[in-house]
file query29.tsv (TSV, C-alpha atoms)
chain	number	residue	atom	x	y	z
A	1	SER	CA	35.14	90.45	94.19
A	2	ASP	CA	36.80	90.73	97.62
A	3	LEU	CA	38.99	87.72	96.72
A	4	ASN	CA	40.08	89.37	93.48
A	5	MET	CA	40.90	92.57	95.34
A	6	ASN	CA	42.92	90.63	97.92
A	7	ASN	CA	44.84	88.81	95.17
A	8	THR	CA	45.53	92.10	93.41
A	9	ALA	CA	46.74	93.67	96.64
A	10	LEU	CA	48.91	90.63	97.32
A	11	HIS	CA	50.40	90.81	93.83
A	12	ARG	CA	51.10	94.50	94.31
A	13	LEU	CA	52.74	93.81	97.67
A	14	LEU	CA	54.91	91.09	96.16
A	15	LEU	CA	55.89	93.41	93.30
A	16	ILE	CA	56.83	96.16	95.74
A	17	LEU	CA	58.92	93.72	97.78
A	18	LEU	CA	60.70	92.53	94.63
A	19	LEU	CA	61.39	96.10	93.54
A	20	LEU	CA	62.64	97.00	97.01
A	21	ASN	CA	64.95	93.99	96.96
A	22	PHE	CA	66.25	95.03	93.54
A	23	TRP	CA	66.79	98.62	94.66
A	24	VAL	CA	68.59	97.52	97.84
A	25	SER	CA	70.79	95.16	95.84
A	26	ALA	CA	71.52	97.87	93.29
A	27	ASP	CA	72.27	100.39	96.02
A	28	GLU	CA	74.61	97.92	97.71
A	29	THR	CA	76.42	97.30	94.42
A	30	ASP	CA	76.77	101.00	93.68
A	31	TRP	CA	77.65	102.03	97.22
A	32	ASP	CA	80.03	99.12	97.68
A	33	ALA	CA	81.92	99.60	94.41
A	34	GLY	CA	85.03	98.60	96.38
A	35	ILE	CA	83.75	95.09	97.15
A	36	HIS	CA	85.37	92.38	95.05
A	37	ASN	CA	84.35	88.74	94.98
A	38	THR	CA	86.98	86.15	94.12
A	39	GLU	CA	86.97	82.38	93.98
A	40	LYS	CA	88.08	81.98	97.60
A	41	LEU	CA	87.06	85.16	99.39
A	42	SER	CA	85.68	88.69	99.14
A	43	PHE	CA	87.62	91.82	99.91
A	44	GLN	CA	87.09	95.53	100.13
A	45	VAL	CA	89.32	98.20	98.60
A	46	GLU	CA	89.91	101.39	100.53
A	47	GLY	CA	92.12	104.37	99.88
A	48	PHE	CA	95.21	104.53	102.08
A	49	VAL	CA	97.30	107.50	100.92
A	50	ALA	CA	97.35	109.70	97.81
A	51	GLY	CA	99.24	112.65	96.37
A	52	PHE	CA	102.03	110.95	94.40
A	53	GLU	CA	103.02	111.21	90.76
A	54	VAL	CA	104.00	107.55	90.36
A	55	PRO	CA	104.42	105.58	93.62
A	56	TRP	CA	107.12	103.10	92.53
A	57	GLY	CA	108.25	101.22	95.62
A	58	MET	CA	106.99	100.60	99.16
A	59	ALA	CA	108.68	99.30	102.31
A	60	PHE	CA	107.39	99.03	105.87
A	61	MET	CA	109.48	100.05	108.85
A	62	PRO	CA	109.34	98.27	112.23
A	63	ASP	CA	107.00	100.93	113.65
A	64	GLU	CA	104.58	100.18	110.76
A	65	ARG	CA	105.19	103.46	108.96
A	66	MET	CA	105.63	103.08	105.23
A	67	LEU	CA	108.39	104.36	102.96
A	68	VAL	CA	107.20	105.26	99.45
A	69	THR	CA	109.31	106.29	96.48
A	70	ASP	CA	107.83	108.62	93.88
A	71	GLN	CA	109.31	108.23	90.42
A	72	ILE	CA	109.73	112.00	90.02
A	73	GLY	CA	112.52	111.83	92.62
A	74	ASP	CA	110.91	111.97	96.05
A	75	LEU	CA	110.90	109.71	99.09
A	76	TRP	CA	108.02	109.83	101.56
A	77	VAL	CA	107.33	108.56	105.06
A	78	VAL	CA	103.65	107.67	105.51
A	79	SER	CA	102.06	107.19	108.93
A	80	SER	CA	100.72	103.75	109.80
A	81	ASP	CA	97.12	104.94	109.35
A	82	GLY	CA	97.87	106.67	106.03
A	83	LYS	CA	96.58	110.02	107.29
A	84	ASP	CA	99.91	111.84	107.24
A	85	LYS	CA	102.90	111.80	104.94
A	86	VAL	CA	106.19	113.68	105.14
A	87	LYS	CA	108.66	114.21	102.32
A	88	VAL	CA	112.11	112.99	103.32
A	89	SER	CA	114.80	115.66	103.12
A	90	GLY	CA	118.59	115.60	103.35
A	91	GLN	CA	120.91	113.70	101.03
A	92	ILE	CA	118.29	112.58	98.50
A	93	PRO	CA	120.02	111.48	95.28
A	94	ALA	CA	119.33	113.48	92.12
A	95	VAL	CA	117.53	111.35	89.55
A	96	ARG	CA	116.92	111.46	85.82
A	97	ALA	CA	113.16	111.13	85.86
A	98	LYS	CA	112.62	110.42	82.19
A	99	GLY	CA	110.76	107.58	80.53
A	100	GLN	CA	110.95	104.57	82.79
A	101	GLY	CA	113.66	106.15	84.92
A	102	GLY	CA	113.52	108.10	88.16
A	103	MET	CA	113.39	107.16	91.82
A	104	MET	CA	112.58	103.46	91.88
A	105	ASP	CA	112.69	100.92	94.68
A	106	VAL	CA	113.21	101.28	98.42
A	107	GLU	CA	114.11	98.65	101.02
A	108	ILE	CA	115.11	98.73	104.67
A	109	HIS	CA	118.03	96.90	106.24
A	110	PRO	CA	117.03	93.72	108.15
A	111	ASN	CA	118.48	95.37	111.26
A	112	PHE	CA	116.93	98.75	110.52
A	113	ILE	CA	115.65	99.12	114.07
A	114	ASN	CA	119.28	99.40	115.24
A	115	ASN	CA	121.13	100.92	112.27
A	116	SER	CA	118.46	103.03	110.44
A	117	TYR	CA	119.80	101.98	107.01
A	118	ILE	CA	117.62	102.17	103.92
A	119	TYR	CA	118.45	101.41	100.28
A	120	LEU	CA	117.29	103.24	97.18
A	121	SER	CA	117.60	102.41	93.49
A	122	PHE	CA	117.30	105.19	90.93
A	123	SER	CA	118.37	106.35	87.47
A	124	ASP	CA	121.54	108.38	87.93
A	125	ILE	CA	122.51	111.35	85.73
A	126	PHE	CA	125.82	111.80	83.89
A	127	GLU	CA	126.18	114.09	80.88
A	128	ASN	CA	122.47	113.73	80.04
A	129	LYS	CA	122.83	109.96	80.19
A	130	SER	CA	121.76	107.58	82.91
A	131	HIS	CA	122.12	104.17	84.49
A	132	THR	CA	120.68	102.36	87.50
A	133	VAL	CA	122.47	103.12	90.78
A	134	LEU	CA	122.01	101.78	94.31
A	135	VAL	CA	122.67	103.82	97.44
A	136	ARG	CA	122.56	103.17	101.16
A	137	ALA	CA	121.67	105.93	103.64
A	138	LYS	CA	120.53	106.42	107.22
A	139	LEU	CA	117.01	107.65	107.80
A	140	VAL	CA	117.05	109.85	110.90
A	141	ASP	CA	114.15	112.18	111.79
A	142	ASN	CA	112.81	112.00	108.23
A	143	LYS	CA	116.18	113.02	106.80
A	144	LEU	CA	118.69	111.00	104.81
A	145	ILE	CA	122.26	111.22	106.08
A	146	ASP	CA	125.49	109.36	105.32
A	147	THR	CA	124.33	108.50	101.80
A	148	LYS	CA	126.78	106.13	100.13
A	149	THR	CA	126.77	104.72	96.60
A	150	ILE	CA	127.14	100.94	96.83
A	151	PHE	CA	126.52	100.00	93.19
A	152	LYS	CA	127.34	102.06	90.14
A	153	ALA	CA	128.26	100.86	86.66
A	154	ASP	CA	131.18	102.35	84.78
A	155	GLU	CA	130.00	105.61	83.24
A	156	LYS	CA	130.89	104.32	79.76
A	157	TYR	CA	127.74	102.17	80.05
A	158	TYR	CA	125.49	105.17	80.74
A	159	THR	CA	123.11	105.83	77.86
A	160	LYS	CA	120.50	108.35	76.75
A	161	LYS	CA	117.98	105.53	76.46
A	162	SER	CA	115.22	105.93	79.01
A	163	HIS	CA	113.98	102.37	79.48
A	164	HIS	CA	114.79	99.01	81.10
A	165	PHE	CA	116.43	100.26	84.30
A	166	GLY	CA	115.04	97.40	86.42
A	167	SER	CA	114.96	97.44	89.43
A	168	ARG	CA	114.01	95.91	92.75
A	169	ILE	CA	115.92	95.40	96.00
A	170	LEU	CA	115.68	92.35	98.26
A	171	PHE	CA	117.45	90.94	101.31
A	172	ASP	CA	117.60	87.16	101.67
A	173	ASP	CA	117.55	85.26	104.96
A	174	GLU	CA	121.35	85.35	105.21
A	175	GLY	CA	121.45	89.14	104.96
A	176	TYR	CA	122.74	89.35	101.39
A	177	LEU	CA	121.42	92.16	99.23
A	178	PHE	CA	120.00	91.35	95.79
A	179	PHE	CA	119.46	94.04	93.22
A	180	CYS	CA	118.56	93.87	89.52
A	181	VAL	CA	119.29	96.01	86.46
A	182	GLY	CA	117.54	95.79	83.08
A	183	ASP	CA	119.28	95.50	79.74
A	184	ARG	CA	118.92	99.28	79.20
A	185	GLY	CA	117.76	98.63	75.63
A	186	ASP	CA	121.06	96.96	74.65
A	187	ARG	CA	119.73	93.42	74.70
A	188	ASP	CA	122.91	91.58	73.72
A	189	GLN	CA	124.70	92.95	76.80
A	190	ALA	CA	122.50	90.74	78.97
A	191	GLN	CA	124.61	87.73	77.89
A	192	SER	CA	127.99	89.33	78.65
A	193	LEU	CA	129.48	88.89	82.12
A	194	ALA	CA	131.72	91.88	81.42
A	195	MET	CA	128.80	94.29	81.00
A	196	PRO	CA	126.43	95.49	83.73
A	197	ASN	CA	123.10	95.36	81.91
A	198	GLY	CA	120.54	92.58	82.20
A	199	LYS	CA	121.89	91.23	85.49
A	200	MET	CA	120.96	90.26	89.02
A	201	TYR	CA	123.56	91.34	91.59
A	202	ARG	CA	124.43	90.05	95.03
A	203	LEU	CA	126.18	92.32	97.52
A	204	ASN	CA	126.96	92.51	101.20
A	205	ASP	CA	124.88	95.09	103.01
A	206	ASP	CA	127.70	97.67	102.77
A	207	GLY	CA	128.15	97.19	99.02
A	208	SER	CA	131.19	94.94	99.24
A	209	ILE	CA	131.14	91.79	97.12
A	210	PRO	CA	130.82	88.30	98.65
A	211	ILE	CA	133.78	86.17	97.63
A	212	ASP	CA	131.52	83.17	96.95
A	213	ASN	CA	129.65	85.00	94.18
A	214	PRO	CA	129.60	82.75	91.08
A	215	PHE	CA	131.86	84.89	88.89
A	216	TYR	CA	134.05	86.42	91.58
A	217	ASN	CA	137.15	84.65	90.24
A	218	THR	CA	136.18	84.67	86.54
A	219	GLU	CA	138.57	86.91	84.64
A	220	GLY	CA	136.89	89.84	82.92
A	221	SER	CA	133.57	89.35	84.73
A	222	ILE	CA	131.80	91.78	87.02
A	223	LYS	CA	132.31	90.16	90.42
A	224	SER	CA	128.95	91.19	91.87
A	225	ILE	CA	126.86	89.37	89.23
A	226	TRP	CA	124.63	86.63	90.62
A	227	SER	CA	122.69	85.72	87.45
A	228	TYR	CA	122.39	87.04	83.90
A	229	GLY	CA	120.31	86.95	80.73
A	230	HIS	CA	117.55	89.18	82.18
A	231	ARG	CA	115.56	91.68	80.12
A	232	ASN	CA	113.92	94.08	82.57
A	233	PRO	CA	113.36	92.70	86.08
A	234	GLN	CA	110.92	94.75	88.16
A	235	GLY	CA	109.77	92.23	90.74
A	236	LEU	CA	111.60	90.32	93.50
A	237	ALA	CA	110.18	88.23	96.33
A	238	LEU	CA	111.25	85.49	98.74
A	239	HIS	CA	109.10	82.39	98.66
A	240	PRO	CA	107.61	81.98	102.16
A	241	ILE	CA	108.35	78.24	102.33
A	242	SER	CA	111.33	77.43	100.06
A	243	ARG	CA	112.96	80.84	100.69
A	244	GLU	CA	114.04	80.90	97.06
A	245	ILE	CA	114.21	84.22	95.23
A	246	TRP	CA	111.43	84.64	92.69
A	247	GLU	CA	111.84	87.31	90.04
A	248	ALA	CA	109.41	88.95	87.60
A	249	GLU	CA	110.64	90.52	84.39
A	250	HIS	CA	109.07	92.24	81.44
A	251	GLY	CA	109.23	90.36	78.18
A	252	PRO	CA	108.81	92.16	74.86
A	253	LYS	CA	105.55	91.42	73.02
A	254	GLY	CA	104.91	88.24	74.98
A	255	GLY	CA	107.06	86.31	77.38
A	256	ASP	CA	106.71	88.15	80.68
A	257	GLU	CA	108.58	85.77	82.97
A	258	ILE	CA	108.48	84.53	86.53
A	259	ASN	CA	111.85	82.96	87.37
A	260	ILE	CA	113.49	81.36	90.36
A	261	VAL	CA	116.86	83.08	90.47
A	262	SER	CA	119.75	80.71	91.13
A	263	LYS	CA	123.48	81.25	91.56
A	264	GLY	CA	125.32	81.69	88.26
A	265	HIS	CA	122.35	80.78	86.06
A	266	ASN	CA	121.62	82.21	82.62
A	267	TYR	CA	117.97	83.15	81.96
A	268	GLY	CA	118.43	83.36	78.23
A	269	TRP	CA	117.53	86.85	77.09
A	270	PRO	CA	117.72	87.57	74.15
A	271	VAL	CA	118.90	84.15	72.88
A	272	ILE	CA	115.68	82.47	74.01
A	273	THR	CA	112.36	84.18	74.53
A	274	TYR	CA	108.63	83.58	74.26
A	275	GLY	CA	108.11	87.10	72.95
A	276	ARG	CA	108.53	89.05	69.73
A	277	ASN	CA	109.50	92.61	68.92
A	278	TYR	CA	106.68	95.12	69.32
A	279	SER	CA	106.56	95.31	65.53
A	280	GLY	CA	105.78	91.59	65.46
A	281	THR	CA	109.14	90.54	64.03
A	282	ILE	CA	111.06	87.61	65.47
A	283	ILE	CA	113.70	88.17	68.15
A	284	SER	CA	114.79	84.56	68.37
A	285	GLU	CA	113.55	81.31	66.90
A	286	TYR	CA	114.32	79.58	70.20
A	287	THR	CA	112.37	79.27	73.42
A	288	HIS	CA	114.72	76.62	74.87
A	289	LYS	CA	118.47	76.18	74.77
A	290	GLU	CA	120.87	74.06	76.78
A	291	GLY	CA	122.46	75.96	79.66
A	292	MET	CA	119.64	78.51	79.80
A	293	ASP	CA	116.88	78.35	82.41
A	294	GLN	CA	113.19	78.20	81.61
A	295	PRO	CA	110.82	80.47	83.50
A	296	VAL	CA	108.59	78.91	86.13
A	297	PHE	CA	105.80	80.28	83.95
A	298	HIS	CA	105.30	83.14	81.52
A	299	TRP	CA	102.50	85.42	80.36
A	300	THR	CA	102.04	85.50	76.61
A	301	PRO	CA	100.64	87.94	75.64
A	302	SER	CA	102.48	90.17	78.10
A	303	ILE	CA	100.68	91.70	81.06
A	304	ALA	CA	103.62	94.07	81.77
A	305	VAL	CA	104.34	92.44	85.13
A	306	CYS	CA	105.94	94.71	87.73
A	307	GLY	CA	106.06	94.26	91.52
A	308	ILE	CA	105.36	90.85	93.05
A	309	THR	CA	105.04	89.42	96.53
A	310	PHE	CA	103.82	86.28	98.24
A	311	TYR	CA	100.93	86.53	100.63
A	312	LYS	CA	101.64	85.42	104.16
A	313	GLY	CA	99.35	86.50	106.97
A	314	ASN	CA	96.14	85.94	108.89
A	315	LYS	CA	93.85	88.41	107.12
A	316	PHE	CA	93.57	86.35	103.91
A	317	PRO	CA	94.51	82.82	105.05
A	318	GLU	CA	92.93	81.33	101.94
A	319	TRP	CA	95.67	83.04	99.91
A	320	ASN	CA	98.66	82.03	102.02
A	321	ASN	CA	101.74	81.26	99.90
A	322	ASN	CA	100.01	82.53	96.74
A	323	LEU	CA	101.94	84.88	94.46
A	324	LEU	CA	100.47	88.34	93.95
A	325	ALA	CA	101.60	89.93	90.68
A	326	THR	CA	100.89	93.40	89.31
A	327	SER	CA	100.03	94.28	85.72
A	328	LEU	CA	100.85	97.67	84.30
A	329	LYS	CA	99.37	97.01	80.86
A	330	PHE	CA	96.00	95.57	81.87
A	331	GLU	CA	95.78	97.49	85.17
A	332	ARG	CA	95.17	94.41	87.29
A	333	LEU	CA	96.33	92.46	90.30
A	334	HIS	CA	96.76	88.71	89.77
A	335	ARG	CA	96.67	85.90	92.32
A	336	VAL	CA	98.76	82.94	91.19
A	337	GLU	CA	98.32	79.61	92.92
A	338	MET	CA	101.14	77.10	92.55
A	339	ASP	CA	101.45	73.36	93.10
A	340	GLY	CA	105.21	73.12	93.46
A	341	LEU	CA	106.45	74.71	90.26
A	342	ASN	CA	103.20	74.22	88.37
A	343	MET	CA	100.75	77.07	88.04
A	344	VAL	CA	97.28	75.76	88.88
A	345	LYS	CA	95.43	79.07	88.99
A	346	ASP	CA	95.94	82.57	87.61
A	347	GLU	CA	93.04	84.63	88.90
A	348	ILE	CA	92.55	88.33	88.26
A	349	ILE	CA	91.41	89.51	91.67
A	350	TYR	CA	91.43	93.30	91.22
A	351	GLU	CA	90.66	95.42	88.17
A	352	ALA	CA	92.20	98.69	89.34
A	353	GLY	CA	91.40	100.93	86.38
A	354	SER	CA	94.92	102.36	86.53
A	355	ARG	CA	98.42	100.95	86.16
A	356	VAL	CA	99.36	98.68	89.06
A	357	ARG	CA	103.00	99.31	89.97
A	358	ASP	CA	103.72	97.45	93.20
A	359	VAL	CA	102.18	95.23	95.87
A	360	GLU	CA	103.33	94.66	99.47
A	361	ILE	CA	102.01	92.89	102.54
A	362	GLY	CA	101.77	95.17	105.55
A	363	PRO	CA	102.65	94.18	109.13
A	364	ASP	CA	98.87	94.17	109.71
A	365	GLY	CA	98.45	91.38	107.14
A	366	LEU	CA	96.63	93.66	104.70
A	367	ILE	CA	97.60	93.98	101.05
A	368	TYR	CA	98.88	97.37	99.87
A	369	VAL	CA	98.78	98.21	96.16
A	370	ALA	CA	100.51	101.16	94.45
A	371	LEU	CA	98.54	102.66	91.56
A	372	GLU	CA	99.21	105.32	88.96
A	373	ASP	CA	97.15	108.12	87.40
A	374	PRO	CA	96.40	109.38	89.95
A	375	GLY	CA	99.33	108.19	92.04
A	376	ARG	CA	97.98	106.60	95.20
A	377	ILE	CA	98.14	103.55	97.42
A	378	VAL	CA	95.08	101.49	98.27
A	379	ARG	CA	94.75	98.54	100.58
A	380	LEU	CA	92.70	95.37	100.45
A	381	LEU	CA	90.74	94.34	103.55
A	382	PRO	CA	88.75	91.15	104.17
A	383	TYR	CA	85.02	91.61	103.61
A	384	GLN	CA	82.29	89.61	105.30
A	385	LYS	CA	78.78	89.89	103.92
call {"tool": "encode", "arguments": {"input": "query29.tsv", "output": "structure tokens"}}
result
Amino acid sequence: SDLNMNNTALHRLLLILLLLNFWVSADETDWDAGIHNTEKLSFQVEGFVAGFEVPWGMAFMPDERMLVTDQIGDLWVVSSDGKDKVKVSGQIPAVRAKGQGGMMDVEIHPNFINNSYIYLSFSDIFENKSHTVLVRAKLVDNKLIDTKTIFKADEKYYTKKSHHFGSRILFDDEGYLFFCVGDRGDRDQAQSLAMPNGKMYRLNDDGSIPIDNPFYNTEGSIKSIWSYGHRNPQGLALHPISREIWEAEHGPKGGDEINIVSKGHNYGWPVITYGRNYSGTIISEYTHKEGMDQPVFHWTPSIAVCGITFYKGNKFPEWNNNLLATSLKFERLHRVEMDGLNMVKDEIIYEAGSRVRDVEIGPDGLIYVALEDPGRIVRLLPYQK
């Protein structure tokens, strides 16, 4: 009898311990909803700064403050801890914030600490039409001064269409400025060197055109073109080892591309593509054609790839040199592992639950991710159990 009672008590104790373990585990899961386990590491998501409509682009300044563009037409300076943000005033360009247009990317000059130059891309307004424009300005005491337009297409190419503006801004190691424009919905223009749409451009930092650009001496061509045959590029990044320029562009229904952008090369749109029209009809029967570059890899079906960057830092060493790519459509952040030019892993590391617009690596080695609806920026931190 005593033995039976002891066994019963022991069983009850074991049951209680099991239930307590379950409850603790459940509480940890619920409380730590921001903990994400991936193949190589675990990380925690924390809010950094909120209060945007659509945070489109991010850039860090030498003092670790962050510049953030809001698609509705604003530019913000965010403190390094994310606790304060100030709307930049002064000579802010007027934008046509309609459809995919508005205030888009922001980048700082490589010598920003001495010259205070920043660069903005946006959809300009002209007679209720628009096109992608690039300006340079000085940021002084949270004000823009000396704003200068350094890229603007002929106004005859402005259109009422509100999609495929591009655009990202990138400086290479030699100090050249790269800047991309989408096909603006006129896909055939991407193949014409005389038309501004569907192109990657290379400029000097003041907007002048380098004389060794590939089409500088080609009659009838736009001298600032670096590459062509692009649909809607919205991601640019320098590879941390090769220092090549990697570009992400939206395909149609299928065929989101990651390309290595090379001088004078043709990336094929719309002559070759892995995608179809949204209706399902064929755009082209060809995925390959002589004289047209293949993507490094493509997503079919499309993920609606936007901002990209390579991880380089000491907070997530397991991810060094991996490509981080955003997905607007599926609201995710991807980690892409490469072996040379071969993709060996495409891991979804973060299901954000809202459109993922951009990703940047901070000076602290943390990963900053711009999200929509509501517009906010979160950051990923290493997590140790």
call {"tool": "closest_residue", "arguments": {"input": "query29.tsv", "among": "A:Asn128, A:Leu134, A:Asp173, A:Ile225", "to": "Asn111 in chain A", "atoms": "all atoms listed in the file"}}
result
A:Asp173
call {"tool": "closest_atom_pairs", "arguments": {"input": "query29.tsv", "of": "range 96-188 of chain A", "to": "range 67-76 of chain A", "cutoff": "7 Å", "atoms": "only C-alpha atoms", "output": "CSV"}}
result
residue,atom,partner,partner_atom,distance
A:Ala97,CA,A:Ile72,CA,5.5
A:Gly102,CA,A:Gln71,CA,4.8
A:Met103,CA,A:Gln71,CA,4.4
A:Met104,CA,A:Gln71,CA,6.0
A:Asp105,CA,A:Thr69,CA,6.6
A:Val106,CA,A:Thr69,CA,6.6
call {"tool": "closest_residue", "arguments": {"input": "query29.tsv", "among": "A:Met195, A:Met66, A:Ala248, A:Leu341", "to": "Lys87 in chain A", "atoms": "all atoms listed in the file"}}
result
A:Met66
call {"tool": "residues_around", "arguments": {"input": "query29.tsv", "residues": "Thr281 in chain A", "least_positions_apart": "5", "cutoff": "12 Å", "atoms": "all atoms listed in the file", "output": "PyMOL selection string"}}
result
chain A and resi 252-254+275-276
call {"tool": "closest_residue", "arguments": {"input": "query29.tsv", "among": "A:Lys156, A:Pro382, A:Tyr286, A:Gly291", "to": "Asn314 in chain A", "atoms": "all atoms listed in the file"}}
result
A:Pro382
call {"tool": "residues_around", "arguments": {"input": "query29.tsv", "residues": "Ile113 in chain A", "least_positions_apart": "6", "cutoff": "12 Å", "atoms": "all atoms listed in the file", "output": "PyMOL selection string"}}
result
chain A and resi 60-64+138-140
call {"tool": "closest_atom_pairs", "arguments": {"input": "query29.tsv", "of": "range 231-272 of chain A", "to": "range 201-218 of chain A", "cutoff": "10 Å", "atoms": "only C-alpha atoms", "output": "JSON lines"}}
result
{"residue": "A:Lys263", "atom": "CA", "partner": "A:Pro214", "partner_atom": "CA", "distance": 6.3}
{"residue": "A:Gly264", "atom": "CA", "partner": "A:Pro214", "partner_atom": "CA", "distance": 5.2}
{"residue": "A:His265", "atom": "CA", "partner": "A:Pro214", "partner_atom": "CA", "distance": 9.0}
call {"tool": "residues_around", "arguments": {"input": "query29.tsv", "residues": "Arg243 in chain A", "least_positions_apart": "3", "cutoff": "12 Å", "atoms": "all atoms listed in the file", "output": "compact mmCIF listing (two decimals) with C-alpha atoms, in the frame of the given file"}}
result
# COMPACT_ATOMS: atom_id res chain seq x y z
CA PHE A 171 117.45 90.94 101.31
CA ASP A 172 117.60 87.16 101.67
CA ASP A 173 117.55 85.26 104.96
CA GLU A 174 121.35 85.35 105.21
CA LEU A 236 111.60 90.32 93.50
CA ALA A 237 110.18 88.23 96.33
CA LEU A 238 111.25 85.49 98.74
CA HIS A 239 109.10 82.39 98.66
CA PRO A 240 107.61 81.98 102.16
CA TRP A 246 111.43 84.64 92.69
CA ILE A 260 113.49 81.36 90.36
CA VAL A 261 116.86 83.08 90.47
CA SER A 262 119.75 80.71 91.13
CA PHE A 310 103.82 86.28 98.24
CA ASN A 321 101.74 81.26 99.90
call {"tool": "closest_atom_pairs", "arguments": {"input": "query29.tsv", "of": "range 63-142 of chain A", "to": "range 44-47 of chain A", "cutoff": "12 Å", "atoms": "only C-alpha atoms", "output": "CSV"}}
result
residue,atom,partner,partner_atom,distance
A:Asp81,CA,A:Gly47,CA,10.7
A:Gly82,CA,A:Gly47,CA,8.7
A:Lys83,CA,A:Gly47,CA,10.3
call {"tool": "closest_residue", "arguments": {"input": "query29.tsv", "among": "A:Val49, A:Ile258, A:Gly57, A:His164", "to": "Ser80 in chain A", "atoms": "all atoms listed in the file"}}
result
A:Val49
call {"tool": "residues_around", "arguments": {"input": "query29.tsv", "residues": "Leu324 in chain A", "least_positions_apart": "3", "cutoff": "9 Å", "atoms": "all atoms listed in the file", "output": "number ranges by chain"}}
result
A: 307-311, 333-336, 359-360
call {"tool": "atom_distance", "arguments": {"input": "query29.tsv", "atom1": "CA of Ser116 in chain A", "atom2": "CA of Phe178 in chain A"}}
result
18.8 Å
call {"tool": "closest_residue", "arguments": {"input": "query29.tsv", "among": "A:Val296, A:Val356, A:Val133, A:Leu381", "to": "Phe165 in chain A", "atoms": "all atoms listed in the file"}}
result
A:Val133
call {"tool": "atom_distance", "arguments": {"input": "query29.tsv", "atom1": "CA of Arg184 in chain A", "atom2": "CA of Arg231 in chain A"}}
result
8.4 Å
call {"tool": "residues_around", "arguments": {"input": "query29.tsv", "residues": "Asn259 in chain A", "least_positions_apart": "5", "cutoff": "9 Å", "atoms": "all atoms listed in the file", "output": "list in words"}}
result
Ile245, Trp246, Glu247, Ala248, Glu249, Tyr267, Asp293, Gln294, Pro295, Val296, Phe297 and His298 of chain A
call {"tool": "closest_residue", "arguments": {"input": "query29.tsv", "among": "A:Lys315, A:Lys329, A:Arg379, A:His288", "to": "Arg355 in chain A", "atoms": "all atoms listed in the file"}}
result
A:Lys329
call {"tool": "atom_distance", "arguments": {"input": "query29.tsv", "atom1": "CA of Gly182 in chain A", "atom2": "CA of Phe151 in chain A"}}
result
14.2 Å
